>>> print(open('coords_11.csv').read())   # CSV, C-alpha atoms
chain,number,residue,atom,x,y,z
A,874,MET,CA,32.5,19.6,-22.5
A,875,ASP,CA,30.9,16.2,-22.6
A,876,ASP,CA,33.7,14.8,-20.4
A,877,LYS,CA,33.7,17.8,-18.0
A,878,TRP,CA,30.0,17.9,-17.1
A,879,ALA,CA,27.3,15.2,-16.8
A,880,ASP,CA,23.9,14.7,-15.3
A,881,LYS,CA,22.4,11.4,-16.4
A,882,GLN,CA,19.3,9.7,-15.1
A,883,ARG,CA,17.6,6.5,-16.0
A,884,GLY,CA,14.9,4.3,-14.6
A,885,ILE,CA,13.7,0.8,-15.3
A,886,GLY,CA,10.3,-0.5,-14.2
A,887,SER,CA,8.5,-3.8,-14.7
A,888,TYR,CA,5.0,-4.5,-13.4
A,889,ASN,CA,3.8,-8.0,-13.8
A,890,SER,CA,0.8,-10.1,-12.7
A,891,MET,CA,-0.6,-13.5,-13.5
A,892,PHE,CA,-3.4,-15.6,-12.2
A,893,GLY,CA,-4.8,-19.1,-12.6
A,894,GLU,CA,-8.3,-20.3,-11.8
A,895,LEU,CA,-9.5,-23.9,-11.2
A,896,LYS,CA,-13.1,-25.2,-10.8
A,897,ILE,CA,-13.0,-27.8,-8.0
A,898,PRO,CA,-14.3,-31.1,-9.5
A,899,GLY,CA,-17.1,-32.8,-7.7
A,900,VAL,CA,-18.4,-29.7,-5.9
A,901,GLU,CA,-20.6,-27.4,-8.0
A,902,GLY,CA,-19.9,-23.7,-7.6
A,903,LEU,CA,-16.6,-24.2,-5.9
A,904,SER,CA,-13.4,-22.6,-7.4
A,905,TYR,CA,-9.9,-21.6,-6.5
A,906,ARG,CA,-8.0,-18.7,-7.9
A,907,VAL,CA,-4.4,-17.7,-7.3
A,908,THR,CA,-3.0,-14.3,-8.3
A,909,LEU,CA,0.8,-13.5,-8.3
A,910,GLY,CA,2.3,-10.1,-8.7
A,911,LEU,CA,5.9,-8.9,-9.0
A,912,ASN,CA,6.9,-5.2,-9.5
A,913,LEU,CA,10.4,-4.0,-10.0
A,914,ARG,CA,11.7,-0.4,-10.3
A,915,SER,CA,15.4,0.7,-10.4
A,916,THR,CA,16.6,4.3,-10.7
A,917,GLN,CA,20.0,5.8,-11.1
A,918,ARG,CA,21.3,9.3,-11.3
A,919,GLY,CA,24.9,10.3,-11.8
A,920,THR,CA,26.4,13.8,-11.9
A,921,TYR,CA,29.8,15.1,-12.6
A,922,THR,CA,31.3,18.6,-12.6
A,923,GLY,CA,34.9,18.9,-13.9
A,924,MET,CA,37.6,21.2,-12.4
A,925,GLY,CA,36.6,24.8,-12.7
A,926,VAL,CA,33.3,24.2,-14.4
A,927,PHE,CA,30.6,26.6,-13.3
A,928,SER,CA,33.1,28.3,-11.0
A,929,ASP,CA,34.9,31.6,-11.0
A,930,THR,CA,38.0,29.7,-9.9
A,931,PRO,CA,39.6,27.6,-12.7
A,932,THR,CA,41.2,25.2,-10.1
A,933,ALA,CA,38.0,24.5,-8.3
A,934,ALA,CA,37.9,20.8,-7.4
A,935,SER,CA,35.9,18.5,-9.6
A,936,SER,CA,32.9,16.7,-7.9
A,937,ALA,CA,30.7,13.8,-8.7
A,938,SER,CA,27.8,11.9,-7.1
A,939,LEU,CA,26.0,8.6,-7.7
A,940,ASP,CA,22.5,7.9,-6.5
A,941,LYS,CA,21.0,4.4,-6.9
A,942,SER,CA,17.8,2.8,-5.7
A,943,LEU,CA,15.9,-0.4,-6.1
A,944,THR,CA,12.3,-1.3,-5.2
A,945,THR,CA,10.8,-4.7,-5.4
A,946,ASN,CA,7.3,-5.8,-4.4
A,947,TRP,CA,5.7,-9.2,-4.6
A,948,THR,CA,2.1,-10.2,-3.8
A,949,VAL,CA,0.4,-13.6,-3.7
A,950,GLU,CA,-3.4,-14.0,-3.2
A,951,ASN,CA,-5.2,-17.3,-2.7
A,952,LEU,CA,-9.0,-17.1,-3.1
A,953,ILE,CA,-11.6,-19.8,-2.7
A,954,THR,CA,-15.1,-19.0,-3.9
A,955,TYR,CA,-18.4,-21.0,-3.5
A,956,GLU,CA,-21.4,-19.6,-5.4
A,957,ARG,CA,-24.8,-21.3,-5.8
A,958,PHE,CA,-28.3,-20.4,-6.8
A,959,PHE,CA,-31.2,-22.2,-5.0
A,960,ASP,CA,-34.4,-21.1,-6.7
A,961,LYS,CA,-34.7,-17.5,-5.5
A,962,HIS,CA,-31.8,-17.8,-3.1
A,963,HIS,CA,-28.3,-16.7,-4.1
A,964,LEU,CA,-25.3,-17.5,-1.9
A,965,THR,CA,-21.6,-16.5,-2.4
A,966,ALA,CA,-18.9,-17.3,0.1
A,967,ASN,CA,-15.2,-16.4,-0.1
A,968,ALA,CA,-12.1,-17.3,1.8
A,969,LEU,CA,-8.8,-15.5,1.2
A,970,TYR,CA,-5.2,-15.7,2.3
A,971,ALA,CA,-2.8,-13.0,1.0
A,972,ALA,CA,0.8,-12.0,1.6
A,973,GLU,CA,3.0,-9.2,0.3
A,974,GLN,CA,6.5,-7.9,0.8
A,975,THR,CA,8.2,-4.7,-0.3
A,976,HIS,CA,12.0,-4.2,-0.4
A,977,TYR,CA,13.6,-0.8,-0.9
A,978,ASP,CA,17.3,0.2,-0.7
A,979,ARG,CA,19.1,3.3,-1.8
A,980,SER,CA,22.8,4.3,-1.9
A,981,TYR,CA,24.1,7.8,-2.4
A,982,VAL,CA,27.8,8.6,-2.6
A,983,THR,CA,29.7,11.9,-3.4
A,984,ALA,CA,33.3,12.6,-4.1
A,985,THR,CA,35.6,15.4,-5.0
A,986,ASP,CA,39.0,15.7,-6.7
A,987,ILE,CA,38.2,13.0,-9.3
A,988,PRO,CA,41.6,12.2,-10.9
A,989,SER,CA,40.3,12.2,-14.5
A,990,ASP,CA,37.3,13.6,-16.4
A,991,HIS,CA,37.0,10.2,-18.1
A,992,PHE,CA,35.9,8.6,-14.7
A,993,GLN,CA,33.0,11.1,-14.2
A,994,PHE,CA,30.7,9.3,-11.7
A,995,TRP,CA,31.4,5.8,-12.8
A,996,ASN,CA,34.3,5.0,-10.5
A,997,LEU,CA,34.2,7.3,-7.4
A,998,GLY,CA,36.6,5.0,-5.7
A,999,GLN,CA,39.4,6.5,-7.7
A,1000,ALA,CA,39.1,9.7,-5.8
A,1001,PRO,CA,41.3,10.2,-2.6
A,1002,ALA,CA,39.8,8.3,0.3
A,1003,ASP,CA,39.3,11.4,2.4
A,1004,LYS,CA,37.4,13.0,-0.5
A,1005,ILE,CA,34.7,10.3,-0.7
A,1006,THR,CA,31.6,11.0,1.4
A,1007,VAL,CA,28.8,8.5,2.3
A,1008,ASN,CA,26.1,10.5,4.0
A,1009,PRO,CA,24.1,8.2,6.4
A,1010,ASN,CA,21.0,10.3,5.9
A,1011,ASN,CA,20.9,9.3,2.2
A,1012,GLN,CA,21.4,5.5,2.7
A,1013,HIS,CA,18.2,3.6,3.1
A,1014,TYR,CA,17.1,0.0,3.6
A,1015,GLU,CA,13.6,-1.1,4.2
A,1016,VAL,CA,11.7,-4.4,4.1
A,1017,THR,CA,8.0,-4.4,5.0
A,1018,GLY,CA,5.4,-7.2,4.9
A,1019,LEU,CA,1.7,-7.7,5.3
A,1020,LYS,CA,-0.4,-10.9,5.8
A,1021,SER,CA,-4.1,-11.1,5.5
A,1022,TYR,CA,-6.9,-13.6,6.1
A,1023,MET,CA,-10.5,-13.0,5.1
A,1024,ALA,CA,-13.8,-14.8,5.2
A,1025,ARG,CA,-17.0,-13.3,3.6
A,1026,ALA,CA,-20.5,-14.5,3.0
A,1027,MET,CA,-23.1,-12.7,0.8
A,1028,TYR,CA,-26.8,-13.8,0.5
A,1029,ASP,CA,-29.7,-12.4,-1.4
A,1030,TYR,CA,-33.3,-13.5,-1.9
A,1031,ASP,CA,-35.0,-12.7,-5.2
A,1032,SER,CA,-32.8,-9.7,-5.5
A,1033,ARG,CA,-34.9,-8.0,-2.9
A,1034,TYR,CA,-33.2,-8.8,0.5
A,1035,MET,CA,-29.4,-8.7,0.6
A,1036,PHE,CA,-27.1,-9.5,3.5
A,1037,LEU,CA,-23.3,-9.5,3.8
A,1038,ALA,CA,-21.0,-10.4,6.6
A,1039,SER,CA,-17.2,-10.4,6.6
A,1040,TYR,CA,-14.3,-11.1,8.9
A,1041,ARG,CA,-10.7,-10.1,8.4
A,1042,ARG,CA,-7.4,-10.6,10.2
A,1043,ASP,CA,-4.3,-8.6,9.2
A,1044,GLY,CA,-0.7,-8.6,10.4
A,1045,SER,CA,1.8,-5.9,9.6
A,1046,SER,CA,5.6,-6.0,10.1
A,1047,ARG,CA,5.5,-2.2,10.6
A,1048,LEU,CA,4.0,-2.4,14.1
A,1049,ALA,CA,5.4,-3.3,17.5
A,1050,PRO,CA,5.6,-6.9,18.7
A,1051,GLY,CA,2.3,-7.9,20.4
A,1052,HIS,CA,0.4,-5.3,18.3
A,1053,LYS,CA,1.1,-6.5,14.8
A,1054,TRP,CA,-2.3,-8.2,14.3
A,1055,ILE,CA,-5.8,-6.8,14.2
A,1056,ASP,CA,-9.2,-8.6,13.8
A,1057,TYR,CA,-12.2,-6.7,12.4
A,1058,ALA,CA,-15.6,-7.4,10.9
A,1059,ALA,CA,-18.3,-5.8,8.8
A,1060,PHE,CA,-22.0,-6.3,8.2
A,1061,SER,CA,-24.5,-4.8,5.8
A,1062,GLY,CA,-28.0,-5.3,4.6
A,1063,GLY,CA,-30.1,-4.0,1.7
A,1064,TRP,CA,-33.7,-3.9,0.8
A,1065,ASN,CA,-34.7,-3.4,-2.9
A,1066,ILE,CA,-38.0,-1.8,-2.3
A,1067,ALA,CA,-38.8,-1.4,-6.0
A,1068,ARG,CA,-39.1,-5.2,-6.4
A,1069,GLU,CA,-41.9,-5.5,-3.8
A,1070,SER,CA,-45.4,-6.4,-4.9
A,1071,PHE,CA,-46.9,-3.2,-3.4
A,1072,MET,CA,-44.6,-1.2,-5.7
A,1073,GLU,CA,-45.9,-2.7,-9.0
A,1074,ASN,CA,-47.9,0.4,-9.9
A,1075,THR,CA,-44.7,2.5,-9.9
A,1076,GLY,CA,-42.9,0.5,-12.6
A,1077,GLN,CA,-43.7,3.0,-15.3
A,1078,TRP,CA,-41.5,5.7,-13.7
A,1079,LEU,CA,-39.5,4.1,-10.9
A,1080,ASP,CA,-36.6,2.0,-11.9
A,1081,GLU,CA,-34.7,1.5,-8.6
A,1082,LEU,CA,-35.3,2.2,-5.0
A,1083,LYS,CA,-32.9,0.5,-2.6
A,1084,LEU,CA,-32.4,1.1,1.1
A,1085,ARG,CA,-29.1,-0.1,2.6
A,1086,VAL,CA,-27.3,0.0,6.0
A,1087,GLY,CA,-23.9,-1.1,7.0
A,1088,TRP,CA,-21.5,-1.3,10.0
A,1089,GLY,CA,-17.9,-2.1,9.9
A,1090,ILE,CA,-14.3,-1.6,11.1
A,1091,THR,CA,-11.5,-0.3,8.9
A,1092,SER,CA,-7.8,-0.2,9.8
A,1093,ASN,CA,-4.7,1.8,9.0
A,1094,GLN,CA,-1.0,0.8,9.4
A,1095,ALA,CA,0.6,3.7,7.6
A,1096,VAL,CA,3.6,4.2,9.8
A,1097,ARG,CA,7.3,4.5,8.7
A,1098,PRO,CA,9.0,1.1,8.7
A,1099,TYR,CA,11.0,0.4,11.9
A,1100,ALA,CA,9.3,3.4,13.6
A,1101,THR,CA,8.7,1.2,16.7
A,1102,GLN,CA,12.4,0.6,17.2
A,1103,GLY,CA,13.3,4.3,17.7
A,1104,ARG,CA,16.1,6.1,15.9
A,1105,LEU,CA,19.7,7.2,16.5
A,1106,GLY,CA,21.2,10.5,15.4
A,1107,ILE,CA,24.8,11.3,14.6
A,1108,ARG,CA,26.7,14.1,16.3
A,1109,PRO,CA,30.3,15.1,15.5
A,1110,TYR,CA,32.3,16.3,18.5
A,1111,ASN,CA,35.9,17.0,19.6
A,1112,PHE,CA,37.3,14.9,22.4
A,1113,GLY,CA,40.9,15.3,23.6
A,1114,GLY,CA,41.9,17.3,20.5
A,1115,GLN,CA,40.6,14.5,18.2
A,1116,PHE,CA,37.5,14.7,16.0
A,1117,SER,CA,35.0,11.9,16.7
A,1118,THR,CA,31.5,10.9,15.8
A,1119,GLY,CA,28.9,10.0,18.5
A,1120,TYR,CA,25.4,8.7,18.5
A,1121,TYR,CA,22.4,9.8,20.5
A,1122,VAL,CA,18.7,8.8,20.7
A,1123,SER,CA,16.8,11.1,18.5
A,1124,GLU,CA,13.5,9.1,18.6
A,1125,THR,CA,12.6,6.8,21.5
A,1126,PRO,CA,11.2,3.3,20.7
A,1127,ASN,CA,7.5,2.8,20.8
A,1128,LYS,CA,6.6,-0.7,22.0
A,1129,ASP,CA,2.9,0.1,22.0
A,1130,LEU,CA,2.5,1.2,18.5
A,1131,GLY,CA,-0.4,-0.7,16.9
A,1132,TRP,CA,-3.2,-0.4,14.4
A,1133,GLU,CA,-5.4,2.6,13.9
A,1134,PHE,CA,-9.0,1.5,13.4
A,1135,SER,CA,-12.3,3.2,12.8
A,1136,ARG,CA,-15.8,2.0,13.6
A,1137,THR,CA,-18.3,3.3,11.0
A,1138,TRP,CA,-22.0,3.3,10.3
A,1139,ASN,CA,-23.5,4.0,6.9
A,1140,VAL,CA,-27.1,4.4,5.8
A,1141,GLY,CA,-28.0,5.1,2.2
A,1142,VAL,CA,-30.8,5.2,-0.3
A,1143,ASP,CA,-30.2,4.6,-4.1
A,1144,PHE,CA,-32.9,5.6,-6.6
A,1145,SER,CA,-33.4,5.8,-10.3
A,1146,VAL,CA,-36.4,7.1,-12.2
A,1147,LEU,CA,-37.7,7.8,-15.7
A,1148,ASN,CA,-36.0,5.0,-17.4
A,1149,ASN,CA,-32.7,5.7,-15.6
A,1150,ARG,CA,-32.6,9.3,-16.9
A,1151,LEU,CA,-32.3,10.5,-13.3
A,1152,SER,CA,-30.5,8.7,-10.6
A,1153,GLY,CA,-28.9,9.5,-7.3
A,1154,THR,CA,-27.9,8.5,-3.8
A,1155,LEU,CA,-28.7,9.9,-0.3
A,1156,GLU,CA,-26.0,9.0,2.2
A,1157,TRP,CA,-25.5,9.3,6.0
A,1158,TYR,CA,-22.2,8.3,7.4
A,1159,THR,CA,-20.5,8.4,10.8
A,1160,GLY,CA,-17.2,7.0,12.1
A,1161,ILE,CA,-15.2,7.0,15.3
A,1162,THR,CA,-11.4,6.5,15.0
A,1163,ASN,CA,-9.4,5.0,17.8
A,1164,ASP,CA,-5.6,4.8,18.4
A,1165,VAL,CA,-4.9,7.5,15.9
A,1166,ILE,CA,-1.5,7.2,14.2
A,1167,GLN,CA,0.3,10.5,14.0
>>> encode(input="coords_11.csv", output="structure tokens")
Amino acid sequence: MDDKWADKQRGIGSYNSMFGELKIPGVEGLSYRVTLGLNLRSTQRGTYTGMGVFSDTPTAASSASLDKSLTTNWTVENLITYERFFDKHHLTANALYAAEQTHYDRSYVTATDIPSDHFQFWNLGQAPADKITVNPNNQHYEVTGLKSYMARAMYDYDSRYMFLASYRRDGSSRLAPGHKWIDYAAFSGGWNIARESFMENTGQWLDELKLRVGWGITSNQAVRPYATQGRLGIRPYNFGGQFSTGYYVSETPNKDLGWEFSRTWNVGVDFSVLNNRLSGTLEWYTGITNDVIQ
């Protein structure tokens, strides 16, 4: 029975990352960090059912299938950081360039009338040519990429007043030409009221009281790869007494498909009392989303 039936699966995954950091000589507080990542995942499933197995007919044809997929993803991030303390002033600035790419391919083949149980699913090419099927709906190939630029500055004075401003630019291969890039910014500020002089008498029971407000834009590019190019479907038909296969447009191209983005406001209060025995946050949030991806 071992030769007459099989259903074997296996998967291999490797997830790797490494980084290096360098303090720039001659400039206090300036450093450079590079992070590299490489992920790999391979899967395979093979099935075989011999002649007459699981069938009421002893001469039922044997069948086999082989399904293979491979996914690779690499990422590189370059980050420059400048951080300094000037008396009660604290400044941190960052600049980032990052890129990533994901590659995925899958192949699925089936066959019947395998000439020998010993072949199982290992050599489907031994089956008669007209008994080998490659279903186009189960063949996949995708390559997607993303590039990002970012600049950010954070400042606080005496841990009482805090400000942050950031700018980001992203480009996605998933979106239509002329709409691949988006620019967006964010700003926020905080006031640590508990550190003010007029709050000194509350120190025995109040540990933290912070008011913060923020505004920013977030983005989304979660669309199927190549969705902007449209899609063709396959339709079998009979023409002149001969069987043929034709193609038709099942999904029209979208030359205007771009980023979905949301503008958001956020106001919050963080508090902690009784030696941090009780803490909590009060939050108000609103957002408006434009160019919704469906």
>>> residues_around(input="coords_11.csv", residues="region 897-900 of chain A", least_positions_apart="2", cutoff="12 Å", atoms="only C-alpha atoms", output="PyMOL selection string")
chain A and resi 894-895+902-906+953-957
>>> closest_residue(input="coords_11.csv", among="A:Ile1055, A:Ala1024, A:Ala972, A:Ala879", to="Asn946 (chain A)", atoms="all atoms listed in the file")
A:Ala972
>>> residues_around(input="coords_11.csv", residues="Trp947 (chain A)", least_positions_apart="6", cutoff="8 Å", atoms="only C-alpha atoms", output="VMD selection string")
chain A and resid 909 to 912 973 to 975
>>> closest_residue(input="coords_11.csv", among="A:Gln1012, A:Ser1039, A:Ser935, A:Thr1101", to="Asn967 (chain A)", atoms="only C-alpha atoms")
A:Ser1039
>>> residues_around(input="coords_11.csv", residues="Gly1044 (chain A)", least_positions_apart="6", cutoff="8 Å", atoms="all atoms listed in the file", output="list in words")
Leu1019, Lys1020, Ser1021, Lys1053, Trp1054 and Ile1055 of chain A
>>> decode(input="coords_11.csv", residues="region 938-954 of chain A", atoms="N, CA, C and O atoms", output="PDB file, in the first residue's frame")
ATOM      1  N   SER A 938      -0.579  14.377  -8.097  1.00  0.00           N
ATOM      2  CA  SER A 938      -0.460  15.835  -8.182  1.00  0.00           C
ATOM      3  C   SER A 938       0.806  16.272  -7.458  1.00  0.00           C
ATOM      4  O   SER A 938       1.273  15.602  -6.529  1.00  0.00           O
ATOM      5  N   LEU A 939       1.345  17.388  -7.903  1.00  0.00           N
ATOM      6  CA  LEU A 939       2.526  17.964  -7.270  1.00  0.00           C
ATOM      7  C   LEU A 939       2.344  19.471  -7.193  1.00  0.00           C
ATOM      8  O   LEU A 939       2.116  20.136  -8.211  1.00  0.00           O
ATOM      9  N   ASP A 940       2.413  20.002  -5.967  1.00  0.00           N
ATOM     10  CA  ASP A 940       2.183  21.421  -5.693  1.00  0.00           C
ATOM     11  C   ASP A 940       3.428  21.981  -5.012  1.00  0.00           C
ATOM     12  O   ASP A 940       3.796  21.537  -3.928  1.00  0.00           O
ATOM     13  N   LYS A 941       4.077  22.943  -5.658  1.00  0.00           N
ATOM     14  CA  LYS A 941       5.297  23.532  -5.110  1.00  0.00           C
ATOM     15  C   LYS A 941       5.154  25.053  -5.053  1.00  0.00           C
ATOM     16  O   LYS A 941       4.561  25.669  -5.944  1.00  0.00           O
ATOM     17  N   SER A 942       5.719  25.658  -4.007  1.00  0.00           N
ATOM     18  CA  SER A 942       5.727  27.120  -3.908  1.00  0.00           C
ATOM     19  C   SER A 942       7.013  27.586  -3.237  1.00  0.00           C
ATOM     20  O   SER A 942       7.616  26.861  -2.437  1.00  0.00           O
ATOM     21  N   LEU A 943       7.406  28.797  -3.585  1.00  0.00           N
ATOM     22  CA  LEU A 943       8.610  29.399  -3.012  1.00  0.00           C
ATOM     23  C   LEU A 943       8.352  30.874  -2.780  1.00  0.00           C
ATOM     24  O   LEU A 943       7.888  31.586  -3.686  1.00  0.00           O
ATOM     25  N   THR A 944       8.634  31.324  -1.562  1.00  0.00           N
ATOM     26  CA  THR A 944       8.480  32.733  -1.204  1.00  0.00           C
ATOM     27  C   THR A 944       9.800  33.250  -0.651  1.00  0.00           C
ATOM     28  O   THR A 944      10.365  32.651   0.275  1.00  0.00           O
ATOM     29  N   THR A 945      10.292  34.329  -1.212  1.00  0.00           N
ATOM     30  CA  THR A 945      11.493  34.980  -0.684  1.00  0.00           C
ATOM     31  C   THR A 945      11.194  36.454  -0.441  1.00  0.00           C
ATOM     32  O   THR A 945      10.426  37.075  -1.188  1.00  0.00           O
ATOM     33  N   ASN A 946      11.770  36.986   0.601  1.00  0.00           N
ATOM     34  CA  ASN A 946      11.584  38.396   0.940  1.00  0.00           C
ATOM     35  C   ASN A 946      12.888  38.948   1.488  1.00  0.00           C
ATOM     36  O   ASN A 946      13.502  38.346   2.359  1.00  0.00           O
ATOM     37  N   TRP A 947      13.320  40.086   0.933  1.00  0.00           N
ATOM     38  CA  TRP A 947      14.506  40.741   1.485  1.00  0.00           C
ATOM     39  C   TRP A 947      14.160  42.185   1.830  1.00  0.00           C
ATOM     40  O   TRP A 947      13.298  42.807   1.209  1.00  0.00           O
ATOM     41  N   THR A 948      14.835  42.684   2.856  1.00  0.00           N
ATOM     42  CA  THR A 948      14.623  44.048   3.343  1.00  0.00           C
ATOM     43  C   THR A 948      15.965  44.661   3.714  1.00  0.00           C
ATOM     44  O   THR A 948      16.824  43.991   4.287  1.00  0.00           O
ATOM     45  N   VAL A 949      16.134  45.933   3.374  1.00  0.00           N
ATOM     46  CA  VAL A 949      17.322  46.664   3.809  1.00  0.00           C
ATOM     47  C   VAL A 949      16.871  48.029   4.337  1.00  0.00           C
ATOM     48  O   VAL A 949      16.039  48.697   3.718  1.00  0.00           O
ATOM     49  N   GLU A 950      17.377  48.400   5.500  1.00  0.00           N
ATOM     50  CA  GLU A 950      17.047  49.687   6.122  1.00  0.00           C
ATOM     51  C   GLU A 950      18.328  50.422   6.481  1.00  0.00           C
ATOM     52  O   GLU A 950      19.233  49.844   7.098  1.00  0.00           O
ATOM     53  N   ASN A 951      18.403  51.676   6.091  1.00  0.00           N
ATOM     54  CA  ASN A 951      19.537  52.535   6.416  1.00  0.00           C
ATOM     55  C   ASN A 951      19.022  53.683   7.280  1.00  0.00           C
ATOM     56  O   ASN A 951      18.164  54.460   6.833  1.00  0.00           O
ATOM     57  N   LEU A 952      19.523  53.787   8.496  1.00  0.00           N
ATOM     58  CA  LEU A 952      19.024  54.771   9.449  1.00  0.00           C
ATOM     59  C   LEU A 952      20.177  55.608   9.990  1.00  0.00           C
ATOM     60  O   LEU A 952      21.161  55.075  10.509  1.00  0.00           O
ATOM     61  N   ILE A 953      20.049  56.920   9.865  1.00  0.00           N
ATOM     62  CA  ILE A 953      21.004  57.871  10.444  1.00  0.00           C
ATOM     63  C   ILE A 953      20.311  58.581  11.607  1.00  0.00           C
ATOM     64  O   ILE A 953      19.189  59.078  11.464  1.00  0.00           O
ATOM     65  N   THR A 954      20.981  58.613  12.761  1.00  0.00           N
ATOM     66  CA  THR A 954      20.401  59.204  13.967  1.00  0.00           C
ATOM     67  C   THR A 954      21.351  60.237  14.548  1.00  0.00           C
ATOM     68  O   THR A 954      22.560  59.995  14.633  1.00  0.00           O
TER      69      THR A 954
END
